[in-house]
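Colleague: What follows is final-v2.cif; its format and atoms are mmCIF, C-alpha atoms (C1' of nucleotides).
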data_work
loop_
_atom_site.label_atom_id
_atom_site.label_comp_id
_atom_site.auth_asym_id
_atom_site.auth_seq_id
_atom_site.Cartn_x
_atom_site.Cartn_y
_atom_site.Cartn_z
CA MET A 1 0.00 0.00 0.00
CA THR A 2 3.03 2.32 -0.01
CA SER A 3 4.58 3.98 -3.01
CA THR A 4 7.23 1.28 -3.05
CA ASP A 5 4.97 -1.57 -4.12
CA LEU A 6 6.76 -4.18 -6.14
CA ALA A 7 7.21 -3.17 -9.74
CA GLN A 8 4.80 -5.47 -11.53
CA PRO A 9 6.16 -6.99 -14.74
CA ALA A 10 4.68 -4.64 -17.33
CA GLN A 11 1.40 -4.10 -15.38
CA SER A 12 0.12 -6.75 -17.74
CA ALA A 13 -2.26 -8.69 -15.54
CA PRO A 14 -5.89 -7.65 -15.24
CA PRO A 15 -7.05 -10.05 -12.48
CA SER A 16 -7.45 -13.13 -14.58
CA GLU A 17 -11.16 -14.03 -14.39
CA ARG A 18 -11.04 -17.75 -14.65
CA ARG A 19 -13.85 -19.56 -16.35
CA THR A 20 -15.13 -22.06 -13.82
CA ARG A 21 -18.01 -24.48 -13.87
CA GLN A 22 -19.79 -22.46 -11.20
CA ARG A 23 -19.45 -19.07 -12.87
CA GLN A 24 -20.54 -20.51 -16.15
CA ALA A 25 -23.64 -22.03 -14.60
CA ILE A 26 -24.63 -18.80 -12.89
CA SER A 27 -24.07 -16.76 -16.00
CA ASP A 28 -25.94 -19.23 -18.19
CA TYR A 29 -28.88 -19.30 -15.86
CA LEU A 30 -29.18 -15.53 -15.64
CA ALA A 31 -29.08 -15.32 -19.42
CA THR A 32 -32.38 -17.17 -19.54
CA ILE A 33 -34.30 -15.25 -16.87
CA PRO A 34 -35.82 -11.82 -17.49
CA ALA A 35 -36.64 -11.11 -13.85
CA PHE A 36 -34.69 -9.98 -10.83
CA LEU A 37 -33.60 -12.85 -8.60
CA THR A 38 -31.98 -12.96 -5.21
CA ALA A 39 -28.73 -14.80 -4.63
CA GLN A 40 -30.74 -17.33 -2.64
CA GLN A 41 -33.11 -17.98 -5.52
CA ILE A 42 -30.27 -18.41 -7.96
CA HIS A 43 -28.55 -20.76 -5.58
CA ASP A 44 -31.71 -22.78 -5.00
CA HIS A 45 -32.33 -23.16 -8.69
CA LEU A 46 -28.82 -24.29 -9.49
CA ARG A 47 -28.80 -26.81 -6.68
CA SER A 48 -32.08 -28.33 -7.73
CA ALA A 49 -30.77 -28.40 -11.29
CA GLY A 50 -27.90 -30.52 -10.06
CA VAL A 51 -25.20 -27.84 -10.12
CA ASP A 52 -23.05 -28.10 -7.02
CA VAL A 53 -22.26 -24.53 -6.03
CA SER A 54 -22.04 -22.78 -2.69
CA LEU A 55 -23.96 -19.70 -1.67
CA PRO A 56 -20.82 -17.64 -1.04
CA THR A 57 -19.70 -18.40 -4.57
CA VAL A 58 -23.01 -17.20 -5.93
CA TYR A 59 -22.52 -13.94 -4.05
CA ARG A 60 -18.94 -13.59 -5.19
CA THR A 61 -19.83 -14.25 -8.79
CA LEU A 62 -22.72 -11.81 -8.74
CA ALA A 63 -20.45 -9.18 -7.24
CA HIS A 64 -18.01 -9.70 -10.09
CA MET A 65 -20.75 -9.53 -12.67
CA ALA A 66 -22.14 -6.39 -11.14
CA GLU A 67 -18.72 -4.80 -11.16
CA SER A 68 -18.24 -5.58 -14.82
CA GLY A 69 -21.73 -4.40 -15.65
CA GLU A 70 -23.14 -7.77 -16.61
CA VAL A 71 -25.92 -7.58 -14.04
CA ASP A 72 -27.98 -4.88 -12.40
CA ILE A 73 -28.63 -4.86 -8.69
CA LEU A 74 -31.98 -3.89 -7.28
CA THR A 75 -32.41 -3.48 -3.55
CA HIS A 76 -35.78 -4.04 -1.94
CA GLU A 77 -36.46 -4.38 1.77
CA GLY A 78 -32.84 -4.94 2.57
CA GLN A 79 -32.39 -7.66 -0.01
CA SER A 80 -30.52 -7.44 -3.27
CA SER A 81 -31.77 -8.92 -6.50
CA TYR A 82 -29.80 -9.42 -9.67
CA ARG A 83 -30.63 -9.49 -13.34
CA ARG A 84 -28.53 -9.61 -16.50
CA CYS A 85 -28.66 -6.32 -18.31
CA SER A 86 -27.45 -4.26 -21.16
CA THR A 87 -24.52 -1.99 -20.47
CA THR A 88 -25.96 1.37 -21.46
CA HIS A 89 -27.61 3.54 -18.86
CA HIS A 90 -31.20 2.45 -18.40
CA HIS A 91 -33.94 1.80 -15.87
CA HIS A 92 -36.28 -1.03 -15.12
CA LEU A 93 -39.99 -1.36 -15.02
CA THR A 94 -40.54 -4.35 -12.77
CA CYS A 95 -43.72 -6.28 -12.14
CA ARG A 96 -44.53 -6.34 -8.44
CA VAL A 97 -46.26 -9.69 -8.81
CA CYS A 98 -44.02 -11.83 -10.99
CA GLY A 99 -40.79 -9.84 -11.09
CA ARG A 100 -40.71 -9.65 -14.87
CA ALA A 101 -38.85 -6.54 -15.87
CA VAL A 102 -38.42 -4.51 -19.02
CA GLU A 103 -35.52 -2.17 -19.63
CA ILE A 104 -36.28 1.47 -20.25
CA ALA A 105 -34.01 4.06 -21.79
CA ASP A 106 -33.86 7.27 -19.82
CA ALA A 107 -33.55 10.04 -22.36
CA PRO A 108 -36.29 12.35 -21.04
CA ILE A 109 -34.88 12.34 -17.56
CA ASP A 110 -31.40 13.49 -18.40
CA GLU A 111 -32.50 16.94 -19.41
CA TRP A 112 -34.62 17.35 -16.36
CA ILE A 113 -31.67 16.41 -14.19
CA ALA A 114 -29.31 18.80 -15.89
CA ALA A 115 -31.77 21.60 -15.17
CA LEU A 116 -32.06 20.60 -11.53
CA GLY A 117 -28.31 20.63 -11.18
CA ARG A 118 -28.11 24.18 -12.42
CA GLU A 119 -31.00 25.30 -10.27
CA HIS A 120 -29.71 23.88 -6.98
CA GLU A 121 -26.00 24.12 -7.72
CA TYR A 122 -25.31 20.43 -7.46
CA THR A 123 -22.72 18.96 -9.79
CA ASP A 124 -21.87 15.48 -10.95
CA ILE A 125 -25.39 14.19 -10.51
CA THR A 126 -26.20 10.53 -10.87
CA HIS A 127 -29.62 9.04 -10.56
CA VAL A 128 -31.33 5.81 -9.69
CA THR A 129 -34.87 5.34 -10.84
CA GLU A 130 -36.81 2.19 -10.25
CA LEU A 131 -40.29 1.73 -11.56
CA SER A 132 -42.68 -0.98 -10.51
CA GLY A 133 -46.17 -1.83 -11.61
CA ILE A 134 -48.36 -4.76 -12.53
CA CYS A 135 -47.67 -6.36 -15.87
CA SER A 136 -50.48 -7.23 -18.23
CA ARG A 137 -50.02 -10.93 -17.64
CA CYS A 138 -50.50 -10.58 -13.89
CA ALA A 139 -53.29 -8.05 -14.23
CA ASN A 140 -55.33 -10.42 -16.40
CA PRO A 141 -54.43 -13.90 -15.21
CA GLN A 142 -57.19 -15.80 -17.02
CA GLU A 143 -56.54 -14.42 -20.47
CA MET B 144 -60.16 -6.11 4.28
CA THR B 145 -63.58 -7.35 3.17
CA SER B 146 -66.74 -5.30 2.98
CA THR B 147 -67.92 -6.91 6.19
CA ASP B 148 -65.26 -5.52 8.48
CA LEU B 149 -66.37 -5.33 12.07
CA ALA B 150 -68.40 -2.25 12.78
CA GLN B 151 -66.00 -0.35 15.00
CA PRO B 152 -67.66 1.61 17.79
CA ALA B 153 -67.89 4.91 15.94
CA GLN B 154 -64.52 4.16 14.26
CA SER B 155 -63.18 6.35 17.02
CA ALA B 156 -59.78 4.84 17.75
CA PRO B 157 -56.90 5.57 15.44
CA PRO B 158 -54.06 3.76 17.30
CA SER B 159 -53.48 6.35 19.91
CA GLU B 160 -49.95 7.64 19.23
CA ARG B 161 -48.81 8.67 22.64
CA ARG B 162 -46.53 11.60 22.97
CA THR B 163 -43.48 10.38 24.83
CA ARG B 164 -40.24 12.02 25.78
CA GLN B 165 -38.35 9.75 23.38
CA ARG B 166 -40.59 10.33 20.38
CA GLN B 167 -40.55 14.03 21.00
CA ALA B 168 -36.77 14.09 21.13
CA ILE B 169 -36.41 12.12 17.91
CA SER B 170 -38.95 14.25 16.11
CA ASP B 171 -37.41 17.48 17.40
CA TYR B 172 -33.98 16.43 16.33
CA LEU B 173 -35.03 15.46 12.84
CA ALA B 174 -36.77 18.79 12.45
CA THR B 175 -33.41 20.53 12.71
CA ILE B 176 -31.41 18.33 10.33
CA PRO B 177 -31.70 18.65 6.55
CA ALA B 178 -29.73 15.49 5.77
CA PHE B 179 -30.46 11.80 5.79
CA LEU B 180 -29.36 10.08 8.99
CA THR B 181 -29.20 6.44 10.00
CA ALA B 182 -30.99 5.18 13.10
CA GLN B 183 -27.54 4.71 14.62
CA GLN B 184 -26.57 8.30 14.00
CA ILE B 185 -29.80 9.58 15.46
CA HIS B 186 -29.35 7.35 18.47
CA ASP B 187 -25.75 8.45 18.96
CA HIS B 188 -26.67 12.11 18.79
CA LEU B 189 -29.50 11.82 21.26
CA ARG B 190 -27.39 9.87 23.72
CA SER B 191 -24.56 12.35 23.59
CA ALA B 192 -27.13 15.13 24.00
CA GLY B 193 -28.20 13.49 27.22
CA VAL B 194 -31.45 11.96 25.99
CA ASP B 195 -31.79 8.44 27.33
CA VAL B 196 -33.34 6.41 24.53
CA SER B 197 -32.75 2.90 23.25
CA LEU B 198 -31.87 1.93 19.73
CA PRO B 199 -34.96 -0.26 19.26
CA THR B 200 -37.10 2.71 20.22
CA VAL B 201 -35.38 4.84 17.62
CA TYR B 202 -36.17 2.21 15.01
CA ARG B 203 -39.76 1.89 16.15
CA THR B 204 -40.32 5.61 16.16
CA LEU B 205 -38.80 6.03 12.72
CA ALA B 206 -41.01 3.25 11.42
CA HIS B 207 -44.06 5.06 12.76
CA MET B 208 -42.96 8.33 11.27
CA ALA B 209 -42.31 6.72 7.94
CA GLU B 210 -45.75 5.13 7.97
CA SER B 211 -47.42 8.44 8.67
CA GLY B 212 -45.33 10.18 6.05
CA GLU B 213 -43.32 12.33 8.42
CA VAL B 214 -39.99 10.98 7.22
CA ASP B 215 -38.59 9.60 4.02
CA ILE B 216 -36.47 6.49 3.94
CA LEU B 217 -33.45 6.20 1.74
CA THR B 218 -31.64 2.89 1.40
CA HIS B 219 -27.98 2.76 0.54
CA GLU B 220 -25.75 -0.29 0.76
CA GLY B 221 -28.23 -2.14 2.88
CA GLN B 222 -28.62 0.68 5.37
CA SER B 223 -31.64 2.90 5.78
CA SER B 224 -31.43 6.62 6.38
CA TYR B 225 -34.23 8.88 7.48
CA ARG B 226 -35.10 12.51 6.95
CA ARG B 227 -38.14 14.60 7.76
CA CYS B 228 -40.03 15.52 4.63
CA SER B 229 -43.04 17.18 3.16
CA THR B 230 -46.00 14.95 2.48
CA THR B 231 -46.50 15.50 -1.21
CA HIS B 232 -44.85 13.20 -3.71
CA HIS B 233 -41.32 14.36 -4.31
CA HIS B 234 -37.74 13.23 -4.76
CA HIS B 235 -34.43 14.13 -3.22
CA LEU B 236 -31.21 15.49 -4.56
CA THR B 237 -28.66 14.41 -1.98
CA CYS B 238 -25.06 15.48 -1.62
CA ARG B 239 -22.74 12.49 -1.72
CA VAL B 240 -20.25 14.27 0.50
CA CYS B 241 -22.23 15.91 3.29
CA GLY B 242 -25.65 14.34 2.88
CA ARG B 243 -27.44 17.65 2.56
CA ALA B 244 -30.58 17.10 0.51
CA VAL B 245 -33.07 19.26 -1.32
CA GLU B 246 -36.58 18.18 -2.16
CA ILE B 247 -37.60 18.10 -5.78
CA ALA B 248 -41.09 17.99 -7.21
CA ASP B 249 -41.56 15.37 -9.87
CA ALA B 250 -43.98 16.82 -12.37
CA PRO B 251 -42.00 16.06 -15.54
CA ILE B 252 -41.59 12.43 -14.65
CA ASP B 253 -45.23 11.59 -14.20
CA GLU B 254 -46.04 12.06 -17.83
CA TRP B 255 -43.11 10.00 -18.93
CA ILE B 256 -44.22 7.20 -16.64
CA ALA B 257 -47.78 7.27 -17.86
CA ALA B 258 -46.49 6.86 -21.40
CA LEU B 259 -44.28 3.95 -20.40
CA GLY B 260 -47.21 2.23 -18.77
CA ARG B 261 -49.22 2.41 -21.95
CA GLU B 262 -46.32 1.29 -24.07
CA HIS B 263 -45.42 -1.79 -22.03
CA GLU B 264 -48.86 -2.56 -20.67
CA TYR B 265 -47.96 -2.17 -17.03
CA THR B 266 -50.55 -0.68 -14.72
CA ASP B 267 -50.47 0.90 -11.30
CA ILE B 268 -46.90 2.11 -11.66
CA THR B 269 -45.05 3.63 -8.76
CA HIS B 270 -41.57 5.00 -8.92
CA VAL B 271 -38.60 5.68 -6.72
CA THR B 272 -36.07 8.15 -7.96
CA GLU B 273 -33.03 9.15 -6.01
CA LEU B 274 -30.60 11.74 -7.24
CA SER B 275 -27.17 12.34 -5.81
CA GLY B 276 -24.50 14.84 -6.64
CA ILE B 277 -22.01 17.20 -5.06
CA CYS B 278 -23.45 20.31 -3.52
CA SER B 279 -21.86 23.68 -4.12
CA ARG B 280 -20.58 23.88 -0.56
CA CYS B 281 -18.69 20.62 -0.86
CA ALA B 282 -17.50 21.34 -4.38
CA ASN B 283 -15.89 24.60 -3.27
CA PRO B 284 -14.79 24.01 0.31
CA GLN B 285 -12.67 27.13 0.74
CA GLU B 286 -15.25 29.65 -0.39
"C1'" DC C 287 2.97 -32.52 -16.50
"C1'" DT C 288 3.89 -28.80 -13.21
"C1'" DC C 289 3.27 -24.73 -11.05
"C1'" DT C 290 0.75 -20.97 -9.05
"C1'" DA C 291 -2.57 -17.47 -8.61
"C1'" DG C 292 -7.03 -17.26 -8.36
"C1'" DA C 293 -11.53 -19.84 -7.11
"C1'" DT C 294 -14.18 -22.64 -4.11
"C1'" DG C 295 -16.63 -24.55 0.03
"C1'" DA C 296 -17.49 -25.04 4.88
"C1'" DT C 297 -17.91 -22.39 8.53
"C1'" DA C 298 -17.95 -18.57 11.39
"C1'" DA C 299 -18.42 -13.65 11.79
"C1'" DT C 300 -20.72 -9.28 10.94
"C1'" DG C 301 -24.07 -5.90 11.37
"C1'" DA C 302 -28.46 -3.77 10.65
"C1'" DT C 303 -32.91 -4.55 12.01
"C1'" DT C 304 -36.67 -6.91 14.55
"C1'" DC C 305 -38.68 -9.66 18.19
"C1'" DT C 306 -39.71 -10.93 23.16
"C1'" DC C 307 -41.36 -9.85 27.32
"C1'" DA C 308 -41.27 -7.75 31.74
"C1'" DT C 309 -41.64 -3.09 33.35
"C1'" DG C 310 -42.86 1.82 32.92
"C1'" DA C 311 -45.68 5.81 31.72
"C1'" DA C 312 -49.68 8.50 28.97
"C1'" DC C 313 -53.97 9.78 29.38
"C1'" DA C 314 -59.01 9.04 29.93
"C1'" DA C 315 -62.22 8.37 33.42
"C1'" DA C 316 -63.67 8.46 38.19
"C1'" DT D 317 -55.63 13.44 42.29
"C1'" DT D 318 -56.01 8.45 41.90
"C1'" DT D 319 -56.85 4.53 39.20
"C1'" DG D 320 -56.83 1.51 35.29
"C1'" DT D 321 -55.97 0.27 30.70
"C1'" DT D 322 -53.08 0.16 27.02
"C1'" DC D 323 -49.45 1.45 24.54
"C1'" DA D 324 -44.36 2.41 24.75
"C1'" DT D 325 -39.92 1.32 26.34
"C1'" DG D 326 -35.49 -1.10 27.35
"C1'" DA D 327 -32.44 -4.98 27.61
"C1'" DG D 328 -31.22 -8.59 25.42
"C1'" DA D 329 -31.64 -12.24 22.21
"C1'" DA D 330 -32.91 -13.61 17.59
"C1'" DT D 331 -32.96 -13.09 12.49
"C1'" DC D 332 -31.14 -13.03 8.23
"C1'" DA D 333 -28.65 -11.35 4.26
"C1'" DT D 334 -24.14 -10.79 3.27
"C1'" DT D 335 -19.05 -11.11 3.93
"C1'" DA D 336 -14.65 -12.82 5.88
"C1'" DT D 337 -11.47 -16.72 6.92
"C1'" DC D 338 -8.74 -20.24 5.47
"C1'" DA D 339 -7.54 -24.72 3.93
"C1'" DT D 340 -8.10 -27.08 -0.35
"C1'" DC D 341 -8.81 -27.33 -5.25
"C1'" DT D 342 -8.23 -26.26 -10.16
"C1'" DA D 343 -7.89 -23.41 -14.58
"C1'" DG D 344 -4.73 -22.21 -17.54
"C1'" DA D 345 0.13 -20.76 -18.61
"C1'" DG D 346 4.62 -22.59 -19.57
#
Output the file's structure as structure tokens, nothing else.
Modeller:
Amino acid sequence: MTSTDLAQPAQSAPPSERRTRQRQAISDYLATIPAFLTAQQIHDHLRSAGVDVSLPTVYRTLAHMAESGEVDILTHEGQSSYRRCSTTHHHHLTCRVCGRAVEIADAPIDEWIAALGREHEYTDITHVTELSGICSRCANPQE
Amino acid sequence: MTSTDLAQPAQSAPPSERRTRQRQAISDYLATIPAFLTAQQIHDHLRSAGVDVSLPTVYRTLAHMAESGEVDILTHEGQSSYRRCSTTHHHHLTCRVCGRAVEIADAPIDEWIAALGREHEYTDITHVTELSGICSRCANPQE
DNA sequence: CTCTAGATGATAATGATTCTCATGAACAAA
DNA sequence: TTTGTTCATGAGAATCATTATCATCTAGAG
């Protein structure tokens, strides 16, 4: 942590990111699910699908994926949920019943935010917007 | 919850809400602070100000106040923070450095949301928007 | 095949929040 | 003012998601 850290050979090594059975399984599973899931739910599914993976590994993998932008994190009542996502800035409209979510671009908000920044003299503004509703499928179950 | 709820004697008893020393102290303190504070922070302040109050009571009181709309709850990294607020629907622009927050009305967003609902066939949409930035005071500390 | 850094699993630790339950105190009524 | 009912409080334990520890394993380079 001092300025005399060992001189790394050419700074060449971005922490290697090994492809393991567990990471592959988690990533594959998320690729098929369009809803937000908790680490527990992901773990439960993989176990019942015969994939032997520990809960800490699920958390560690999700943390990695979140860091690299592969998943979004949504926090609700003190619990985090995860969902694969695109990498551009966007929001989610999540169904409160089934968890199905659609991604929403945020163009109209950006202008509004820029104006607020000027008005209140805040700089470097970031925003988190989460939308939830009832999707058509859950609103009309018998259709 | 059904249409045959018990006929309350004149519907006269809204759970009584006693005014206690502890609740008064918490409420008074929040009235003076324009930033989001954790239950811990509130508890610490009150204790060091000589108010004898337990942490569970702080949590209980904040829960009551949140239910009645007297405070807003902001969740960050699994921790909740609380701040007195006005009762109309609004958002916050919070300083990432000092926590100072300003309330923002949300008019422009409502229309956008209504349009999204129609487009994706989601009904009954609610939204949470949190904005954070750097306030002018923290951006220019020596001024 | 060997080597080694990074990955994993079992387990314990952490930390915010909530619950339990015996005791204390508002406040309405006498 | 005194009493009685009921809600509020405090101390401590319980919960529960998440993270840390550490010995063991393994992907992938050479």
Colleague: Tell me, as a count of residues only, which residues lie within 10 Å of range 39-54 of chain A, counting all atoms listed in the file; anything in the same chain fewer than 4 positions away does not count.
Modeller: 21
Colleague: Determine the residue membership of the PyMOL selection byres ((chain A) within 9 of (chain C)) for the file above and supply it as a list of chain:residue names.
Modeller: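 In the shown coordinates, the PyMOL selection byres ((chain A) within 9 of (chain C)) covers A:Pro15, A:Ser16, A:Glu17, A:Arg18, A:Thr20, A:Val53, A:Ser54, A:Leu55, A:Pro56, A:Thr57.
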Colleague: Per residue of chain B within 6 Å of chain A, which atom pair is closest and at what distance in Å (one decimal), using only C-alpha atoms, listed by chain and increasing number, as JSON lines?
Modeller:
{"residue": "B:Gly221", "atom": "CA", "partner": "A:Gly78", "partner_atom": "CA", "distance": 5.4}
{"residue": "B:Glu264", "atom": "CA", "partner": "A:Ser136", "partner_atom": "CA", "distance": 5.5}
{"residue": "B:Tyr265", "atom": "CA", "partner": "A:Cys135", "partner_atom": "CA", "distance": 4.4}
{"residue": "B:Thr266", "atom": "CA", "partner": "A:Ile134", "partner_atom": "CA", "distance": 5.1}
{"residue": "B:Asp267", "atom": "CA", "partner": "A:Gly133", "partner_atom": "CA", "distance": 5.1}
{"residue": "B:Ile268", "atom": "CA", "partner": "A:Gly133", "partner_atom": "CA", "distance": 4.0}
{"residue": "B:Thr269", "atom": "CA", "partner": "A:Ser132", "partner_atom": "CA", "distance": 5.5}
{"residue": "B:His270", "atom": "CA", "partner": "A:Leu131", "partner_atom": "CA", "distance": 4.4}
{"residue": "B:Val271", "atom": "CA", "partner": "A:Glu130", "partner_atom": "CA", "distance": 5.3}
{"residue": "B:Thr272", "atom": "CA", "partner": "A:Thr129", "partner_atom": "CA", "distance": 4.2}
{"residue": "B:Glu273", "atom": "CA", "partner": "A:Val128", "partner_atom": "CA", "distance": 5.3}
{"residue": "B:Leu274", "atom": "CA", "partner": "A:His127", "partner_atom": "CA", "distance": 4.4}
{"residue": "B:Ser275", "atom": "CA", "partner": "A:Ile125", "partner_atom": "CA", "distance": 5.4}
{"residue": "B:Gly276", "atom": "CA", "partner": "A:Ile125", "partner_atom": "CA", "distance": 4.0}
{"residue": "B:Ile277", "atom": "CA", "partner": "A:Thr123", "partner_atom": "CA", "distance": 5.1}
{"residue": "B:Cys278", "atom": "CA", "partner": "A:Tyr122", "partner_atom": "CA", "distance": 4.4}
{"residue": "B:Ser279", "atom": "CA", "partner": "A:Glu121", "partner_atom": "CA", "distance": 5.5}
Colleague: Distance cut-off 12 Å, counting all atoms listed in the file - which residues of chain D neighbour chain B? Return them as a list in words.
Modeller: DT322, DC323, DA324, DT325, DG326, DA327, DG328, DA333 and DT334 of chain D
Colleague: State, in Å with one decimal place, the distance from CA of Ile33 in chain A to CA of Arg100 in chain A.
Modeller: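 Going from CA of Ile33 in chain A over to CA of Arg100 in chain A covers 8.7 Å.
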Colleague: Quick one: superpose chain A on chain B on all Cα atoms, same order, and give the RMSD.
Modeller: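 The C-alpha RMSD comes to 1.9 Å.
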Colleague: Would you mind reading off the distance between CA of Thr32 in chain A and CA of Val71 in chain A, one decimal, in Å?
Modeller: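 Atom-to-atom, CA of Thr32 in chain A and CA of Val71 in chain A are spaced 12.8 Å apart.
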Colleague: Please indicate the distance in Å from CA of Thr38 in chain A to CA of Arg83 in chain A, rounded to one decimal place.
Modeller: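 Value for the CA of Thr38 in chain A-CA of Arg83 in chain A distance: 8.9 Å.
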